[in-house]
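The file model_1.csv contains CSV, C-alpha atoms (C1' of nucleotides):
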chain,number,residue,atom,x,y,z
A,14,MET,CA,-83.5,-41.9,19.1
A,15,GLN,CA,-80.9,-40.8,16.6
A,16,LEU,CA,-81.1,-37.3,18.1
A,17,THR,CA,-80.4,-38.7,21.6
A,18,ILE,CA,-77.3,-40.4,20.3
A,19,VAL,CA,-76.0,-37.1,18.8
A,20,VAL,CA,-76.8,-35.1,21.9
A,21,ASN,CA,-75.1,-37.6,24.1
A,22,TYR,CA,-72.1,-37.5,21.8
A,23,ILE,CA,-71.9,-33.7,22.0
A,24,CYS,CA,-72.2,-33.8,25.8
A,25,ARG,CA,-69.4,-36.3,26.0
A,26,MET,CA,-67.3,-34.2,23.8
A,27,LYS,CA,-67.6,-31.2,26.1
A,28,LYS,CA,-67.0,-33.2,29.2
A,29,GLU,CA,-64.0,-35.2,27.9
A,30,GLU,CA,-61.3,-32.7,28.6
A,31,VAL,CA,-58.1,-33.6,26.9
A,32,HIS,CA,-55.6,-34.9,29.5
A,33,VAL,CA,-51.9,-34.1,29.1
A,34,ASP,CA,-49.4,-36.0,31.3
A,35,PHE,CA,-46.8,-33.3,31.7
A,36,GLU,CA,-44.9,-35.1,34.5
A,37,ASN,CA,-44.2,-38.1,32.3
A,38,SER,CA,-43.5,-36.3,29.0
A,39,ILE,CA,-40.1,-35.5,27.6
A,40,ALA,CA,-40.7,-32.0,26.5
A,41,PRO,CA,-41.2,-30.3,29.9
A,42,TRP,CA,-38.2,-32.1,31.4
A,43,LEU,CA,-36.1,-31.3,28.4
A,44,GLY,CA,-37.1,-27.6,28.6
A,45,LYS,CA,-36.4,-27.4,32.2
A,46,THR,CA,-33.1,-29.1,32.1
A,47,ALA,CA,-32.0,-26.9,29.2
A,48,LYS,CA,-33.0,-23.8,31.2
A,49,VAL,CA,-31.1,-24.9,34.2
A,50,ILE,CA,-28.0,-25.6,32.2
A,51,GLU,CA,-28.2,-22.3,30.3
A,52,TYR,CA,-28.6,-20.4,33.5
A,53,HIS,CA,-25.5,-22.0,35.0
A,54,PHE,CA,-23.5,-21.5,31.9
A,55,GLN,CA,-24.0,-17.8,31.9
A,56,GLU,CA,-23.2,-17.8,35.6
A,57,LYS,CA,-19.9,-19.5,34.9
A,58,PHE,CA,-19.0,-17.0,32.2
A,59,ASN,CA,-19.7,-14.1,34.6
A,60,ASP,CA,-17.7,-15.7,37.4
A,61,ALA,CA,-14.7,-16.1,35.0
A,62,ASN,CA,-15.0,-12.4,34.1
A,63,LEU,CA,-15.7,-13.3,30.5
A,64,ASP,CA,-17.6,-10.4,28.9
A,65,LEU,CA,-19.7,-12.8,26.9
A,66,THR,CA,-23.2,-14.2,26.8
A,67,LYS,CA,-23.8,-17.9,26.1
A,68,GLU,CA,-25.3,-17.0,22.8
A,69,GLN,CA,-22.2,-15.0,21.8
A,70,MET,CA,-20.2,-18.0,22.9
A,71,VAL,CA,-22.0,-20.3,20.4
A,72,VAL,CA,-21.2,-17.9,17.6
A,73,LEU,CA,-17.6,-17.7,18.7
A,74,LYS,CA,-17.4,-21.4,18.7
A,75,LYS,CA,-18.9,-21.8,15.2
A,76,LEU,CA,-16.5,-19.3,13.8
A,77,HIS,CA,-13.6,-21.0,15.5
A,78,TYR,CA,-14.3,-24.1,13.5
A,79,ASP,CA,-15.6,-22.3,10.4
A,80,ASP,CA,-14.2,-18.8,10.0
A,81,GLY,CA,-15.6,-16.6,7.2
A,82,LEU,CA,-19.2,-18.0,7.3
A,83,SER,CA,-21.9,-15.7,5.9
A,84,GLN,CA,-24.4,-14.3,8.2
A,85,ASN,CA,-27.1,-16.4,6.6
A,86,ASP,CA,-25.2,-19.6,7.2
A,87,LEU,CA,-24.3,-18.6,10.7
A,88,ALA,CA,-27.9,-17.9,11.5
A,89,PHE,CA,-29.0,-21.2,10.1
A,90,LEU,CA,-26.3,-23.1,11.9
A,91,THR,CA,-27.0,-21.5,15.2
A,92,LEU,CA,-30.7,-21.9,14.8
A,93,ARG,CA,-31.3,-18.2,14.8
A,94,ASN,CA,-33.4,-15.8,12.9
A,95,LYS,CA,-31.2,-13.7,10.6
A,96,SER,CA,-32.4,-10.5,12.2
A,97,SER,CA,-31.5,-11.9,15.6
A,98,LEU,CA,-28.1,-12.8,14.3
A,99,THR,CA,-27.6,-9.3,12.8
A,100,ARG,CA,-28.0,-7.8,16.2
A,101,LEU,CA,-25.9,-10.4,18.0
A,102,LEU,CA,-23.1,-9.8,15.6
A,103,SER,CA,-23.4,-6.0,16.0
A,104,LYS,CA,-22.8,-6.4,19.7
A,105,MET,CA,-19.9,-8.8,19.1
A,106,GLU,CA,-18.4,-6.5,16.5
A,107,LYS,CA,-18.7,-3.6,18.9
A,108,LYS,CA,-16.9,-5.6,21.6
A,109,GLY,CA,-14.2,-6.5,19.0
A,110,TYR,CA,-14.7,-10.2,18.8
A,111,ILE,CA,-15.6,-10.4,15.2
A,112,ILE,CA,-15.5,-8.4,12.0
A,113,ARG,CA,-17.9,-8.3,9.0
A,114,GLN,CA,-16.3,-8.3,5.6
A,115,GLN,CA,-18.4,-7.8,2.5
A,116,SER,CA,-17.9,-10.5,-0.1
A,117,ASN,CA,-16.6,-9.2,-3.4
A,118,VAL,CA,-18.2,-12.1,-5.2
A,119,ASP,CA,-21.7,-11.1,-4.0
A,120,LYS,CA,-22.0,-7.7,-2.5
A,121,ARG,CA,-25.1,-8.7,-0.5
A,122,VAL,CA,-23.1,-11.1,1.6
A,123,ASN,CA,-21.2,-10.4,4.7
A,124,LYS,CA,-18.5,-12.9,5.6
A,125,VAL,CA,-17.9,-13.0,9.4
A,126,PHE,CA,-14.4,-13.5,10.8
A,127,LEU,CA,-13.0,-13.8,14.3
A,128,THR,CA,-10.6,-11.1,15.3
A,129,GLN,CA,-7.5,-11.9,17.4
A,130,LYS,CA,-9.4,-10.9,20.5
A,131,GLY,CA,-12.1,-13.3,19.4
A,132,ARG,CA,-9.7,-16.1,19.1
A,133,ASP,CA,-8.0,-15.3,22.4
A,134,THR,CA,-11.3,-15.1,24.1
A,135,PHE,CA,-12.4,-18.5,22.8
A,136,VAL,CA,-9.2,-20.0,24.3
A,137,LEU,CA,-10.3,-18.6,27.7
A,138,VAL,CA,-13.9,-19.8,27.2
A,139,LYS,CA,-13.0,-23.4,26.4
A,140,PRO,CA,-11.9,-24.6,29.9
A,141,VAL,CA,-15.0,-23.0,31.4
A,142,VAL,CA,-17.2,-24.8,29.0
A,143,LYS,CA,-15.3,-28.0,29.5
A,144,GLU,CA,-15.8,-27.8,33.2
A,145,MET,CA,-19.5,-27.2,32.8
A,146,MET,CA,-19.8,-30.1,30.5
A,147,ALA,CA,-18.1,-32.4,33.0
A,148,LYS,CA,-20.4,-31.2,35.8
A,149,ILE,CA,-23.4,-31.9,33.6
A,150,GLU,CA,-22.3,-35.4,32.8
A,151,GLN,CA,-20.8,-36.3,36.1
A,152,ASN,CA,-23.4,-38.9,36.9
A,153,ILE,CA,-24.1,-40.1,33.4
A,154,THR,CA,-22.2,-43.1,32.1
A,155,ASP,CA,-20.6,-43.1,28.6
A,156,SER,CA,-23.1,-45.5,27.2
A,157,GLU,CA,-25.9,-43.5,28.7
A,158,LYS,CA,-24.4,-40.4,27.1
A,159,LYS,CA,-24.3,-42.1,23.7
A,160,LEU,CA,-27.9,-43.1,24.2
A,161,ILE,CA,-29.2,-39.7,25.2
A,162,ILE,CA,-27.5,-38.0,22.4
A,163,ASN,CA,-28.9,-40.6,20.0
A,164,MET,CA,-32.4,-40.0,21.4
A,165,LEU,CA,-32.0,-36.2,21.1
A,166,LYS,CA,-31.0,-36.6,17.5
A,167,ARG,CA,-34.1,-38.7,16.8
A,168,ILE,CA,-36.3,-36.2,18.5
A,169,GLN,CA,-34.9,-33.4,16.4
A,170,SER,CA,-35.4,-35.5,13.3
A,171,ASN,CA,-39.1,-35.3,14.0
A,172,PHE,CA,-38.9,-31.7,13.0
A,173,GLY,CA,-37.0,-32.0,9.9
A,174,PRO,CA,-33.4,-32.9,9.0
A,175,GLN,CA,-30.7,-31.4,11.2
A,176,VAL,CA,-27.0,-32.1,11.3
A,177,LYS,CA,-24.6,-30.9,13.9
A,178,SER,CA,-24.7,-29.8,17.5
A,179,LEU,CA,-24.9,-26.1,18.4
B,27,MET,CA,18.2,-27.3,35.2
B,28,GLN,CA,15.3,-26.3,37.5
B,29,LEU,CA,14.7,-23.3,35.4
B,30,THR,CA,14.6,-25.3,32.2
B,31,ILE,CA,11.9,-27.5,33.6
B,32,VAL,CA,9.8,-24.5,34.6
B,33,VAL,CA,10.2,-22.9,31.2
B,34,ASN,CA,9.3,-26.1,29.5
B,35,TYR,CA,6.2,-26.4,31.7
B,36,ILE,CA,5.1,-22.9,30.8
B,37,CYS,CA,5.6,-23.5,27.1
B,38,ARG,CA,3.6,-26.7,27.3
B,39,MET,CA,0.8,-24.9,29.2
B,40,LYS,CA,0.5,-22.3,26.4
B,41,LYS,CA,0.5,-24.9,23.6
B,42,GLU,CA,-1.8,-27.3,25.2
B,43,GLU,CA,-5.1,-25.8,24.2
B,44,VAL,CA,-8.0,-27.3,26.0
B,45,HIS,CA,-10.0,-29.5,23.7
B,46,VAL,CA,-13.8,-29.6,24.1
B,47,ASP,CA,-15.7,-32.3,22.2
B,48,PHE,CA,-18.9,-30.4,21.5
B,49,GLU,CA,-20.2,-33.0,19.1
B,50,ASN,CA,-20.1,-35.8,21.7
B,51,SER,CA,-21.4,-33.8,24.7
B,52,ILE,CA,-24.8,-33.7,26.0
B,53,ALA,CA,-25.2,-30.0,26.6
B,54,PRO,CA,-25.1,-28.8,23.0
B,55,TRP,CA,-27.5,-31.4,21.8
B,56,LEU,CA,-29.8,-30.7,24.7
B,57,GLY,CA,-29.7,-27.0,23.9
B,58,LYS,CA,-30.4,-27.5,20.3
B,59,THR,CA,-33.2,-30.0,20.8
B,60,ALA,CA,-34.9,-27.7,23.3
B,61,LYS,CA,-34.6,-24.8,20.9
B,62,VAL,CA,-36.1,-26.7,18.1
B,63,ILE,CA,-39.0,-27.9,20.3
B,64,GLU,CA,-39.7,-24.4,21.6
B,65,TYR,CA,-39.7,-23.0,18.2
B,66,HIS,CA,-42.3,-25.5,16.9
B,67,PHE,CA,-44.4,-25.1,20.1
B,68,GLN,CA,-44.8,-21.4,19.4
B,69,GLU,CA,-45.5,-22.1,15.8
B,70,LYS,CA,-48.3,-24.5,16.8
B,71,PHE,CA,-49.8,-21.9,19.1
B,72,ASN,CA,-49.8,-19.3,16.4
B,73,ASP,CA,-51.3,-21.8,13.9
B,74,ALA,CA,-54.1,-22.5,16.3
B,75,ASN,CA,-54.8,-18.8,16.7
B,76,LEU,CA,-54.0,-19.0,20.4
B,77,ASP,CA,-52.9,-15.5,21.5
B,78,LEU,CA,-50.3,-17.0,23.8
B,79,THR,CA,-46.6,-17.4,24.1
B,80,LYS,CA,-45.0,-20.6,25.2
B,81,GLU,CA,-43.9,-18.9,28.4
B,82,GLN,CA,-47.4,-17.7,29.1
B,83,MET,CA,-48.6,-21.3,28.5
B,84,VAL,CA,-46.4,-22.6,31.2
B,85,VAL,CA,-47.8,-20.1,33.7
B,86,LEU,CA,-51.3,-20.9,32.7
B,87,LYS,CA,-50.5,-24.6,33.2
B,88,LYS,CA,-49.0,-24.1,36.6
B,89,LEU,CA,-52.0,-22.1,37.7
B,90,HIS,CA,-54.4,-24.7,36.3
B,91,TYR,CA,-53.0,-27.1,38.8
B,92,ASP,CA,-52.2,-24.7,41.6
B,93,ASP,CA,-54.5,-21.6,41.4
B,94,GLY,CA,-53.7,-18.8,43.8
B,95,LEU,CA,-49.9,-19.2,44.0
B,96,SER,CA,-47.9,-16.1,45.0
B,97,GLN,CA,-45.7,-14.4,42.4
B,98,ASN,CA,-42.7,-15.5,44.2
B,99,ASP,CA,-43.7,-19.2,44.2
B,100,LEU,CA,-44.8,-19.0,40.6
B,101,ALA,CA,-41.4,-17.5,39.6
B,102,PHE,CA,-39.5,-20.2,41.5
B,103,LEU,CA,-41.7,-23.0,40.0
B,104,THR,CA,-41.3,-21.8,36.5
B,105,LEU,CA,-37.6,-21.1,36.8
B,106,ARG,CA,-38.0,-17.4,36.3
B,107,ASN,CA,-36.5,-14.3,37.9
B,108,LYS,CA,-39.2,-12.6,39.9
B,109,SER,CA,-38.8,-9.5,37.7
B,110,SER,CA,-39.4,-11.5,34.6
B,111,LEU,CA,-42.5,-13.0,36.1
B,112,THR,CA,-43.8,-9.6,37.1
B,113,ARG,CA,-43.8,-8.5,33.4
B,114,LEU,CA,-45.0,-11.8,32.1
B,115,LEU,CA,-48.0,-11.6,34.5
B,116,SER,CA,-48.6,-8.0,33.5
B,117,LYS,CA,-49.1,-9.0,29.9
B,118,MET,CA,-51.3,-11.9,30.9
B,119,GLU,CA,-53.4,-9.8,33.1
B,120,LYS,CA,-53.8,-7.2,30.3
B,121,LYS,CA,-54.9,-10.0,28.0
B,122,GLY,CA,-57.4,-11.2,30.7
B,123,TYR,CA,-56.0,-14.6,31.4
B,124,ILE,CA,-55.1,-14.0,35.1
B,125,ILE,CA,-55.8,-11.6,38.0
B,126,ARG,CA,-53.5,-10.6,40.8
B,127,GLN,CA,-55.1,-10.4,44.2
B,128,GLN,CA,-53.3,-8.9,47.2
B,129,SER,CA,-53.2,-11.2,50.1
B,130,ASN,CA,-54.8,-9.8,53.2
B,131,VAL,CA,-52.6,-11.9,55.4
B,132,ASP,CA,-49.4,-10.3,54.0
B,133,LYS,CA,-50.0,-7.2,52.0
B,134,ARG,CA,-46.7,-7.6,50.2
B,135,VAL,CA,-47.9,-10.8,48.5
B,136,ASN,CA,-49.9,-11.0,45.3
B,137,LYS,CA,-51.8,-14.2,44.8
B,138,VAL,CA,-52.4,-15.1,41.2
B,139,PHE,CA,-55.6,-16.6,39.9
B,140,LEU,CA,-56.8,-17.8,36.5
B,141,THR,CA,-59.8,-16.0,35.1
B,142,GLN,CA,-62.6,-17.8,33.3
B,143,LYS,CA,-60.9,-16.8,30.0
B,144,GLY,CA,-57.6,-18.3,31.3
B,145,ARG,CA,-59.3,-21.5,32.2
B,146,ASP,CA,-61.1,-21.6,28.8
B,147,THR,CA,-57.9,-20.9,27.0
B,148,PHE,CA,-56.0,-23.7,28.7
B,149,VAL,CA,-58.7,-26.1,27.6
B,150,LEU,CA,-57.9,-25.0,24.0
B,151,VAL,CA,-54.2,-25.2,24.6
B,152,LYS,CA,-54.2,-28.8,25.9
B,153,PRO,CA,-54.9,-30.6,22.6
B,154,VAL,CA,-52.3,-28.5,20.8
B,155,VAL,CA,-49.7,-29.4,23.5
B,156,LYS,CA,-50.7,-33.0,23.5
B,157,GLU,CA,-50.2,-33.2,19.7
B,158,MET,CA,-46.8,-31.7,20.0
B,159,MET,CA,-45.8,-34.0,22.8
B,160,ALA,CA,-46.8,-37.0,20.6
B,161,LYS,CA,-44.9,-35.6,17.7
B,162,ILE,CA,-41.8,-35.2,19.8
B,163,GLU,CA,-42.0,-38.7,21.2
B,164,GLN,CA,-43.2,-40.5,18.1
B,165,ASN,CA,-40.0,-42.5,17.6
B,166,ILE,CA,-39.1,-43.0,21.2
B,167,THR,CA,-40.2,-46.1,23.0
B,168,ASP,CA,-41.8,-46.0,26.4
B,169,SER,CA,-38.8,-47.5,28.1
B,170,GLU,CA,-36.5,-45.0,26.4
B,171,LYS,CA,-38.9,-42.2,27.5
B,172,LYS,CA,-38.5,-43.4,31.1
B,173,LEU,CA,-34.8,-43.6,30.7
B,174,ILE,CA,-34.3,-40.1,29.2
B,175,ILE,CA,-36.5,-38.5,31.8
B,176,ASN,CA,-34.5,-40.2,34.5
B,177,MET,CA,-31.3,-39.0,33.0
B,178,LEU,CA,-32.6,-35.4,32.6
B,179,LYS,CA,-33.6,-35.5,36.3
B,180,ARG,CA,-30.1,-36.7,37.2
B,181,ILE,CA,-28.5,-33.9,35.1
B,182,GLN,CA,-30.6,-31.4,36.9
B,183,SER,CA,-29.7,-32.8,40.2
B,184,ASN,CA,-26.1,-31.8,39.5
B,185,PHE,CA,-27.2,-28.2,39.9
B,186,GLY,CA,-29.1,-28.5,43.1
B,187,PRO,CA,-32.3,-30.2,44.2
B,188,GLN,CA,-35.3,-29.7,41.8
B,189,VAL,CA,-38.6,-31.3,41.8
B,190,LYS,CA,-41.3,-31.1,39.2
B,191,SER,CA,-41.4,-30.6,35.4
B,192,LEU,CA,-42.1,-27.2,34.0
C,9,DC,C1',-41.7,-0.4,70.9
C,10,DT,C1',-38.4,1.3,68.0
C,11,DT,C1',-34.7,0.2,65.0
C,12,DT,C1',-32.8,-3.0,61.8
C,13,DA,C1',-33.0,-6.7,58.5
C,14,DT,C1',-35.5,-9.4,55.4
C,15,DT,C1',-38.9,-10.2,51.9
C,16,DA,C1',-42.5,-9.5,47.7
C,17,DG,C1',-43.0,-7.1,44.0
C,18,DT,C1',-41.8,-3.3,40.5
C,19,DT,C1',-38.9,-0.8,37.4
C,20,DG,C1',-34.6,0.8,34.6
C,21,DC,C1',-31.2,-1.0,31.9
C,22,DA,C1',-29.1,-4.4,28.8
C,23,DT,C1',-29.4,-8.6,26.1
C,24,DA,C1',-31.8,-11.9,22.9
C,25,DT,C1',-35.4,-13.1,19.8
C,26,DG,C1',-39.2,-13.8,16.0
C,27,DC,C1',-42.0,-11.5,12.5
C,28,DA,C1',-42.8,-8.3,8.9
C,29,DA,C1',-41.5,-4.7,6.1
C,30,DC,C1',-37.8,-2.7,3.9
C,31,DT,C1',-33.3,-1.9,0.8
C,32,DA,C1',-29.8,-3.3,-2.1
C,33,DA,C1',-28.0,-6.7,-5.0
C,34,DC,C1',-28.3,-10.7,-7.7
C,35,DT,C1',-31.0,-14.1,-10.8
C,36,DA,C1',-34.4,-15.4,-14.1
C,37,DT,C1',-37.6,-14.6,-17.4
C,38,DA,C1',-40.0,-12.3,-21.1
D,22,DT,C1',-31.8,-5.9,-22.0
D,23,DA,C1',-35.7,-4.6,-19.1
D,24,DT,C1',-38.8,-6.3,-15.9
D,25,DA,C1',-40.0,-9.5,-12.2
D,26,DG,C1',-38.7,-12.4,-8.6
D,27,DT,C1',-35.4,-13.9,-5.1
D,28,DT,C1',-31.9,-13.4,-1.6
D,29,DA,C1',-28.8,-11.1,2.2
D,30,DG,C1',-28.9,-8.2,5.5
D,31,DT,C1',-31.1,-4.3,8.5
D,32,DT,C1',-34.6,-2.2,11.3
D,33,DG,C1',-39.2,-1.3,13.9
D,34,DC,C1',-42.1,-3.5,16.9
D,35,DA,C1',-43.4,-6.8,20.5
D,36,DT,C1',-42.0,-10.3,23.8
D,37,DA,C1',-38.9,-12.5,27.3
D,38,DT,C1',-35.1,-12.3,30.6
D,39,DG,C1',-31.4,-11.4,34.4
D,40,DC,C1',-29.3,-8.0,37.4
D,41,DA,C1',-29.4,-4.2,40.4
D,42,DA,C1',-31.7,-0.7,42.7
D,43,DC,C1',-35.9,0.6,44.6
D,44,DT,C1',-40.5,0.7,47.7
D,45,DA,C1',-43.6,-1.1,50.9
D,46,DA,C1',-44.6,-4.4,54.2
D,47,DT,C1',-43.3,-7.8,57.5
D,48,DA,C1',-40.1,-10.0,60.9
D,49,DA,C1',-36.3,-9.8,64.1
D,50,DA,C1',-33.4,-7.7,67.4
D,51,DG,C1',-32.3,-4.2,70.6
Structure translated into C-alpha cells:
Amino acid sequence: MQLTIVVNYICRMKKEEVHVDFENSIAPWLGKTAKVIEYHFQEKFNDANLDLTKEQMVVLKKLHYDDGLSQNDLAFLTLRNKSSLTRLLSKMEKKGYIIRQQSNVDKRVNKVFLTQKGRDTFVLVKPVVKEMMAKIEQNITDSEKKLIINMLKRIQSNFGPQVKSL
Amino acid sequence: MQLTIVVNYICRMKKEEVHVDFENSIAPWLGKTAKVIEYHFQEKFNDANLDLTKEQMVVLKKLHYDDGLSQNDLAFLTLRNKSSLTRLLSKMEKKGYIIRQQSNVDKRVNKVFLTQKGRDTFVLVKPVVKEMMAKIEQNITDSEKKLIINMLKRIQSNFGPQVKSL
DNA sequence: CTTTATTAGTTGCATATGCAACTAACTATA
DNA sequence: TATAGTTAGTTGCATATGCAACTAATAAAG
C-alpha cells in the first residue's frame, strides 16, 4: 500500500508539467516592449545621421551629467561588464567623442571625459531622444507614467538595490 | 528692426538647449529593468546547468507552442532580423534542440521543428522561468500586473500593431 | 513561356556583450 | 619591507544582432 502511494506520487510528478503563463506575465511583455523601443531608437539616430549607437548614447549621456567618471563607475552605472565598456569606449574614443585620462592618484584608473565633439553631439542627440520619449508616452497619462516608473523601480528592487535610470 | 528680431531669435535658438528629463521618463527605466531581468534570467539558466541562452529559450518556447514555423515567421514573432535568426537556429541545430526541414510546397522555406531533446529541455526550462517570473512579480499586485501589461501593450502600439508576448 | 520582380534564407561586416584569464598597480598582512 | 590579496582595465573566446549583398526559388507581367 505504501509502495502504491509512492508510485502514484512519482507518476503524478512526471505528468504534472509546470505551466507558465507567458501571456499574462510581466517579463515577456517588458522584454518585448524594450526591444521595440530600442530598435526604433537606433532607427531614429540613423535617420538623423548621428554616427552613434544607442549604447554609445547612454555613455554620452552619463558623461554629460558626470564628466570624469572612472571606467569602473561608468560600467556599473550603465549596467555593463567592464570588458564591454572597455570596447565601447575604445570605439567612442576612436570616433573622437571621449578621451581616457589616467588618474595620477591611482595609475590603474582611467577617468573618462567628453571631448568638444562629444558635447556637441549630445546637443544634437537630445531633441531626437526627446521626440522618441514623447512618442513612447503619447497615450500614457502623467499619473500612469508615475505609476509605471514606480512599478519598474519595485521590480528592479527585487534584484538588489539600484538607484538611477540609465 | 526686423533684423534684430531675427538675430535675437537665432541667439535664443542656440542658447535654448533642449532639456530631456531622463529620470522621469519611461524609456530609460524600462530599458534598465529589462536589462536587469535579462541578466538574471541568463544567470538562472547557467545555475541550472541549462546549456541555453535566453534568446534560444524564446525560440524554444515559440516552437513549443507552434512547431513547424518557417524561419521567416519565427524571426517576425521573436522580433529578430532573419539573418540573426539564421545564426541562432544554426547554433540550436548544432546543439540538437531543433531541426530545419525544407518545405516541399515551397523549396525556399525551411520549417523548424523541436527535436526530442528540444522538448525535454523546455520541460526543464519551465520551472526556472516560472521561478524568475514569480521573483519579478513578487511585490506587484494582480491588478497592478494587469495595469502594467496593458500600458506596455499601449506603448508598443505606438510603434505599429503587435500581438503576442515574446 | 520567357523575363522581371519578389521572397526565404545565408553570409560578410560591424557592433555589443559576458566570462575568464591576464597585467599592472595598489592595499593589507605577516 | 616583502609577500599575498585585491582592484582597474584589457584581451581572447563565444554569443547575439542589424544591414546590405547575395543565391535560389517562386510569383507576376509581358
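When the distance limit is 7 Å and only C-alpha atoms (C1' of nucleotides) are what count, the residues near segment 10-19 of chain C, minus those fewer than 3 positions from it on the same chain, are Asn98, Arg134 and Val135 of chain B.
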Here atom CA of Leu103 of chain B and atom CA of Gln82 of chain B stand apart by 13.4 Å
Which polymer residues, whether protein, DNA or RNA, lie within 12 Å of the coordinate (-56.1, -12.2, 30.5) when you count all atoms listed in the file? List them as an NGL selection string, using the chain letters and numbers from the file. :B and (77-78 or 82-83 or 85-86 or 114-126 or 138-148)
Need to verify the contact set: Trp55 of chain B, 9 Å, all atoms listed in the file, exclusion of same-chain residues closer than 2 positions in sequence. Can you return it as a PyMOL selection string? (chain A and resi 162+165-166+177-179) or (chain B and resi 48-53+57-60)
For chain B against chain C, with a cut-off of 9 Å and counting only C-alpha atoms (C1' of nucleotides), what is the closest atom pair and its distance in Å to one decimal for every residue that makes the cut, ordered by chain and number, as a tab-separated table?
residue	atom	partner	partner_atom	distance
B:Ser96	CA	C:DA16	C1'	8.9
B:Gln97	CA	C:DA16	C1'	7.9
B:Asn98	CA	C:DA16	C1'	6.9
B:Lys108	CA	C:DG17	C1'	7.8
B:Ser109	CA	C:DT18	C1'	7.4
B:Thr112	CA	C:DG17	C1'	7.4
B:Lys133	CA	C:DA16	C1'	8.9
B:Arg134	CA	C:DA16	C1'	5.2
B:Val135	CA	C:DA16	C1'	5.6
B:Asn136	CA	C:DA16	C1'	7.9
Ala61 of chain A environment, 10 Å, all atoms listed in the file, sequence neighbours closer than 6 positions dropped, as an mmCIF file with C-alpha atoms, in the frame of the given file:
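See part.cif below for the written result:
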data_model
loop_
_atom_site.group_PDB
_atom_site.id
_atom_site.type_symbol
_atom_site.label_atom_id
_atom_site.label_comp_id
_atom_site.auth_asym_id
_atom_site.auth_seq_id
_atom_site.Cartn_x
_atom_site.Cartn_y
_atom_site.Cartn_z
ATOM 1 C CA GLN A 55 -24.000 -17.800 31.900
ATOM 2 C CA LEU A 137 -10.300 -18.600 27.700
ATOM 3 C CA VAL A 138 -13.900 -19.800 27.200
ATOM 4 C CA VAL A 141 -15.000 -23.000 31.400
#
Let me make sure I understand: among B:Leu56, B:Asn165, B:Lys61, B:Lys156, which one has the smallest atom-to-atom distance to Arg93 of chain A if we use only C-alpha atoms? B:Lys61
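Reported to one decimal place, the separation of atom C1' of DA35 of chain D from atom CA of Glu69 of chain B is 16.1 Å.
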Please report the interatomic distance between atom CA of Ile174 of chain B and atom CA of Leu100 of chain B in Å with one decimal.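 We find that atom CA of Ile174 of chain B and atom CA of Leu100 of chain B lie 26.2 Å from each other.
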Give me, as a Markdown table, each residue of chain D that comes within 9 Å of chain A, together with its shortest interatomic pair and the distance in Å at one decimal, counting all atoms listed in the file, with rows ordered by chain and rising residue number.
| residue | atom | partner | partner_atom | distance |
| --- | --- | --- | --- | --- |
| D:DT28 | C1' | A:Arg121 | CA | 8.3 |
| D:DA29 | C1' | A:Arg121 | CA | 5.2 |
| D:DG30 | C1' | A:Arg121 | CA | 7.1 |
| D:DT31 | C1' | A:Ser96 | CA | 7.3 |
| D:DT32 | C1' | A:Ser96 | CA | 8.6 |
Taking into account all atoms listed in the file, which residue in the set B:His45, B:Lys70, B:Lys88, B:Lys80 is nearest to chain A?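 Smallest separation from chain A among the options: B:His45.
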